[in-house]
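Colleague: Below is one structure. I have some questions about it.
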Amino acid sequence: MTSPSDSLLAATFDERVDGFFAPISDVITTVVFFAVPLDFIDEGVELPIIVVWLVIAGLFFTIYLRGFQFRAFRHAIQLIRGRYDDPRDAGEVTHFQALATAVSGTVGLGNIAGVGVAITLGGPGATFWMIVAGLLGMCTKGVECTLGVKYRNVYPDGRVSGGPMYYLTKGLKEKSPRLGTFGKVLAVLFCIFTLGGAVGGGNMFQANQAFSQAQSVTGGADGPLGGGAAGAVFGLVLAVLVGAVIIGGIRSIARVTDKLVPFMAVFYVVACLTVLFSNAGQIPEAFASIVTEAFSPEAGYGGLVGVLIQGFRRAAFSNEAGLGSAAIAHSAVKTEHPATEGHVAVLEPFIDTVVICTMTALAIVITGTYLDDASDAGVQTTSAAFETVVSWFPVVLAIAVVLFAYSTMLAWSYYGLKAATYLFGESMLVDRTWKLVFCLFVVIGASSTLDAVIGFSDSMIFLMSLPNIIGLYILARVVKREINGYRDRVENGEILPVADRS
């Protein structure tokens with residue numbers, strides 16, 4: 001039982017931090033998530049500008065690169081299977097490890113809570129538009145990861161640093177000296193936003209939700225994790241687990257994620273399939289409702305736009321296409337051909353949104369839990385769907401949440417590190433200081449509420465897309481040349497699998 005002094009101390013800490021961040025958070029979130037009212041279509045329908053910014057980028061590059069993400073799929077599978085891996089190439093991790101690290105940063109609570117919110121607010125039809133947005137996001141990921149490898153820094157000791165901050169600086173300078181200065185400004189802004197996002201959304205929020213789920217399935221406030229110090233202890237254990245991995249850098253992170261990501265993805269998908277097979281007779285009806293309600297004429301234009309926006313919004317929040325975060329992880333890959341990582345990266349939104357989010361959506365639609373109280377939408381919507389199969393099945397979901405949160409923290413620790421080293425220099429001091437600070441915030445996140453901090457950090461994550469996508473547009477021709485040139489060489493036999501090289 002929580003003592004009065006414990007409660008007072010926690011409240012005071014939360015109130016002080018929230019009190020500091022609340023005014024800043026309110027202003028930034030209002031600007032970042034500004035939505036244009038569409039009252040001429042229907043009252044109450046709003047269009048978030050940041051979602052439009054991300055979706056238009058995906059649509060533009062899909063058209064500009066002639067559906068690259070669909071043409072890349074087969075070769076992407078060959079690459080992650082290691083057919084083209086050459087250990088002599090510059091880089092630190094394999095194609096599969098780079099993919100696993102990047103996926104670990106995107107597969108998280110958006111796949112569980114975000115889908116529940118989308119369907120509760122937009123109905124089953126939101127799933128259709130979520131998938132469409134995911135398919136468009138595949139191309140954006142391919143573009144940013146191609147540029148990440150092309151403009152990365154490879155150091156004499158074998159370490160690699162890459163990501164939007166490097167292609168914004170080097171790529172734009174390559175286009176024009178004037179653009180070089182502009183690129184430096186964009187790169188600094190991107191790094192500042194990345195640091196804010198890494199500490200909050202990529203760390204504290206994950207730790208907080210992991211503890212909340214663990215607490216809820218162990219008896220709540222009256223259970224073993226209900227004490228005043230339980231959050232801090234949970235956070236400390238989680239911080240030790242995170243620190244033990246991230247201290248070894250990207251190679252250590254990759255060694256963990258290339259085993260953890262497949263396990264947790266299969267673990268979660270099997271759990272969803274259990275729900276689906278238990279309601280097998282309703283699967284055709286669920287698919288039908290997802291498609292028909294995506295274009296429901298009964299809902300009118302307002303309802304149609306509302307469903308579309310919910311789907312696009314949740315896909316953007318889930319797969320991070322356009323934010324530039326994945327390019328940081330993919331830049332560490334062992335390759336001499338930047339476009340190889342563009343091919344591999346298209347698999348991320350497919351895994352994250354098209355597969356995992358769709359599985360969650362089907363479980364929710366089939367069980368009908370989205371029809372419950374909308375104020376409780378999120379993880380509870382998915383948890384209720386799981387509970388319809390077996391009463392203890394929410395424990396399985398809680399395990400998935402903790403695994404997703406842990407893997408997300410590993411990836412974002414690396415993203416934040418690369419932003420820090422770009423701003424303050426490649427040094428052991430910066431490296432160790434960042435990792436220590438990151439682990440400290442794991443404890444703070446698990447033991448605090450900090451609502452305003454989370455709102456602030458979510459804004460920082462989406463602000464990353466502003467400088468990143470500006471750079472993508474400017475470097476669009478460079479990407480097209482890289483991708484088309486690489487594909488031509490593969491098709492002409494100039495680039496062969498390692499086993500076929502003489």
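Here, A, B, ... name the chains of the structure tokens in the order displayed, residue numbers run from 1 inside each chain, and ligands are numbered from 1 in the same displayed order.
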Can you list, as an MDAnalysis selection string, all residues belonging to stretch 6-200 of chain A that DSSP tags as helix (DSSP H, G or I)?
Modeller: chainID A and resid 6:32 49:64 68:71 73:80 95:106 109:122 125:150 164:175 177:200
Colleague: A:Val270, A:Ile351, A:Ile483, A:Leu403: which is nearest A:Arg66, counting only C-alpha atoms?
Modeller: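 Using only C-alpha atoms, the shortest distance to A:Arg66 belongs to A:Ile483.
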Colleague: Please compute the atom CA of A:Gly125-atom CA of A:Ile364 distance, one decimal, in Å.
Modeller: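 Going from atom CA of A:Gly125 over to atom CA of A:Ile364, I get 12.3 Å.
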Colleague: Enter the distance from atom CA of A:Phe438 to atom CA of A:Phe263, in Å, rounded to one decimal.
Modeller: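 Separation between atom CA of A:Phe438 and atom CA of A:Phe263: 25.1 Å.
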Colleague: For A:His343, find every residue with an atom within 12 Å (counting only C-alpha atoms), except residues of its own chain fewer than 5 positions away, and show them as JSON, numbers by chain.
Modeller: {"A": [68, 69, 70, 71, 72, 73, 74, 75, 76, 77, 78, 79, 80, 95, 96, 99, 138, 139, 140, 141, 142, 143, 144, 145, 146, 147, 149, 330, 337, 338, 348, 479, 482, 483, 484, 486, 487]}
Colleague: If you take only C-alpha atoms and a cut-off of 12 Å, which residues of stretch 122-225 of chain A touch stretch 113-116 of chain A, and what are their nearest atom pairs and distances in Å to one decimal, in chain and number order, as a tab-separated table?
Modeller:
```
residue	atom	partner	partner_atom	distance
A:Gly122	CA	A:Gly116	CA	9.9
A:Gly123	CA	A:Gly116	CA	9.7
A:Pro124	CA	A:Val115	CA	10.1
A:Gly125	CA	A:Val115	CA	11.7
A:Ala126	CA	A:Val115	CA	8.9
A:Thr127	CA	A:Val115	CA	8.0
A:Phe128	CA	A:Val115	CA	11.6
A:Trp129	CA	A:Val115	CA	11.7
A:Met130	CA	A:Val115	CA	8.9
A:Ile131	CA	A:Val115	CA	11.3
A:Gln209	CA	A:Ala113	CA	10.4
A:Gln213	CA	A:Ala113	CA	11.7
```
Colleague: Could you pull the residues within 12 Å of A:Ala327, counting only C-alpha atoms, minus those fewer than 5 positions along the same chain, as a PyMOL selection string?
Modeller: chain A and resi 98-99+101-103+105+140-152+161-167+320-322+332-333+338+341-342+344-346+348+411+414-415+418+468+472
Colleague: Please, could you write that set of residues out with N, CA and C atoms as a short mmCIF file (atom, residue, chain, number, x, y, z; two decimals), in the first residue's frame?
Modeller:
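File produced: selection-v5.cif:
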```
data_model
loop_
_atom_site.label_atom_id
_atom_site.label_comp_id
_atom_site.auth_asym_id
_atom_site.auth_seq_id
_atom_site.Cartn_x
_atom_site.Cartn_y
_atom_site.Cartn_z
N ALA A 98 20.16 -4.45 -39.24
CA ALA A 98 19.73 -3.06 -39.40
C ALA A 98 18.21 -2.97 -39.44
N LEU A 99 17.59 -3.90 -40.17
CA LEU A 99 16.13 -3.93 -40.25
C LEU A 99 15.53 -4.20 -38.87
N THR A 101 16.79 -3.64 -35.91
CA THR A 101 16.97 -2.49 -35.01
C THR A 101 15.94 -1.40 -35.32
N ALA A 102 15.76 -1.12 -36.62
CA ALA A 102 14.80 -0.08 -37.00
C ALA A 102 13.37 -0.50 -36.68
N VAL A 103 13.03 -1.76 -36.93
CA VAL A 103 11.68 -2.25 -36.61
C VAL A 103 11.44 -2.20 -35.10
N GLY A 105 12.33 -0.01 -33.15
CA GLY A 105 11.99 1.35 -32.78
C GLY A 105 10.58 1.75 -33.18
N THR A 140 8.63 6.14 -48.59
CA THR A 140 9.36 7.18 -47.85
C THR A 140 10.52 6.58 -47.08
N LYS A 141 10.28 5.44 -46.43
CA LYS A 141 11.36 4.77 -45.67
C LYS A 141 12.50 4.39 -46.61
N GLY A 142 12.17 3.85 -47.79
CA GLY A 142 13.20 3.47 -48.74
C GLY A 142 14.06 4.64 -49.17
N VAL A 143 13.43 5.80 -49.35
CA VAL A 143 14.14 7.00 -49.79
C VAL A 143 15.10 7.48 -48.71
N GLU A 144 14.61 7.64 -47.49
CA GLU A 144 15.46 8.21 -46.43
C GLU A 144 16.60 7.26 -46.05
N CYS A 145 16.37 5.95 -46.14
CA CYS A 145 17.44 5.01 -45.77
C CYS A 145 18.49 4.88 -46.88
N THR A 146 18.09 5.07 -48.13
CA THR A 146 19.08 5.12 -49.23
C THR A 146 20.01 6.31 -49.02
N LEU A 147 19.44 7.46 -48.69
CA LEU A 147 20.26 8.66 -48.47
C LEU A 147 21.10 8.52 -47.21
N GLY A 148 20.56 7.85 -46.19
CA GLY A 148 21.31 7.65 -44.95
C GLY A 148 22.63 6.94 -45.18
N VAL A 149 22.60 5.89 -46.02
CA VAL A 149 23.82 5.14 -46.31
C VAL A 149 24.73 5.93 -47.24
N LYS A 150 24.16 6.61 -48.21
CA LYS A 150 24.97 7.33 -49.20
C LYS A 150 25.82 8.43 -48.56
N TYR A 151 25.28 9.12 -47.58
CA TYR A 151 25.99 10.27 -47.00
C TYR A 151 26.50 10.01 -45.58
N ARG A 152 26.59 8.77 -45.16
CA ARG A 152 27.06 8.46 -43.81
C ARG A 152 28.55 8.74 -43.66
N SER A 161 28.43 6.67 -38.55
CA SER A 161 27.39 7.61 -38.14
C SER A 161 26.64 8.07 -39.38
N GLY A 162 25.34 7.96 -39.34
CA GLY A 162 24.56 8.37 -40.50
C GLY A 162 23.16 8.77 -40.08
N GLY A 163 22.37 9.20 -41.04
CA GLY A 163 21.01 9.63 -40.77
C GLY A 163 20.73 10.96 -41.43
N PRO A 164 19.55 11.51 -41.22
CA PRO A 164 19.16 12.76 -41.86
C PRO A 164 20.12 13.91 -41.63
N MET A 165 20.73 13.99 -40.41
CA MET A 165 21.63 15.12 -40.15
C MET A 165 22.82 15.12 -41.10
N TYR A 166 23.21 13.94 -41.58
CA TYR A 166 24.36 13.86 -42.48
C TYR A 166 23.96 14.11 -43.94
N TYR A 167 22.79 13.57 -44.35
CA TYR A 167 22.44 13.87 -45.75
C TYR A 167 21.87 15.28 -45.90
N GLU A 320 6.41 5.62 -38.34
CA GLU A 320 7.45 6.66 -38.34
C GLU A 320 8.03 6.96 -39.71
N ALA A 321 7.36 6.55 -40.77
CA ALA A 321 7.85 6.86 -42.12
C ALA A 321 7.87 8.37 -42.33
N GLY A 322 9.01 8.89 -42.74
CA GLY A 322 9.16 10.32 -42.96
C GLY A 322 9.82 11.04 -41.81
N ALA A 332 24.12 2.14 -40.48
CA ALA A 332 25.22 1.34 -39.93
C ALA A 332 25.43 0.02 -40.68
N VAL A 333 24.65 -0.23 -41.73
CA VAL A 333 24.70 -1.51 -42.43
C VAL A 333 26.01 -1.71 -43.19
N PRO A 338 24.28 2.13 -51.44
CA PRO A 338 23.25 2.76 -50.62
C PRO A 338 21.84 2.26 -50.89
N GLU A 341 19.93 -0.62 -48.86
CA GLU A 341 19.20 -0.35 -47.62
C GLU A 341 17.87 0.32 -47.90
N GLY A 342 17.76 0.99 -49.04
CA GLY A 342 16.46 1.51 -49.45
C GLY A 342 15.49 0.38 -49.71
N VAL A 344 15.70 -2.73 -48.35
CA VAL A 344 15.40 -3.40 -47.08
C VAL A 344 14.41 -2.58 -46.24
N ALA A 345 14.55 -1.27 -46.26
CA ALA A 345 13.73 -0.40 -45.41
C ALA A 345 12.25 -0.44 -45.76
N VAL A 346 11.91 -0.78 -47.01
CA VAL A 346 10.49 -0.81 -47.37
C VAL A 346 9.74 -1.87 -46.58
N GLU A 348 9.87 -2.33 -43.40
CA GLU A 348 9.50 -1.86 -42.06
C GLU A 348 8.03 -1.50 -41.92
N ALA A 411 16.36 1.04 -29.56
CA ALA A 411 16.55 1.74 -30.83
C ALA A 411 16.68 3.25 -30.62
N TYR A 414 19.94 4.71 -29.45
CA TYR A 414 20.94 4.87 -30.52
C TYR A 414 20.64 6.11 -31.36
N TYR A 415 19.36 6.34 -31.64
CA TYR A 415 19.00 7.54 -32.40
C TYR A 415 19.45 8.80 -31.66
N LYS A 418 23.31 9.30 -31.76
CA LYS A 418 23.83 9.83 -33.01
C LYS A 418 23.49 11.31 -33.17
N ASN A 468 13.52 16.73 -42.19
CA ASN A 468 13.83 15.51 -42.93
C ASN A 468 13.17 15.48 -44.30
N LEU A 472 14.48 15.39 -48.21
CA LEU A 472 14.12 14.32 -49.15
C LEU A 472 13.67 14.90 -50.49
#
```
Colleague: If you run DSSP on this backbone, which residues of stretch 32-274 of chain A come out as strand (DSSP E), and could you give them as a PyMOL selection string?
Modeller: chain A and resi 35-37+46-48+153-154+160-161
Colleague: I'd like the neighbourhood of A:Asn319 as a PyMOL selection string, where a residue qualifies if any of its atoms comes within 7 Å (using only C-alpha atoms), though same-chain residues fewer than 4 positions away should be ignored.
Modeller: chain A and resi 106+315+349+352-353
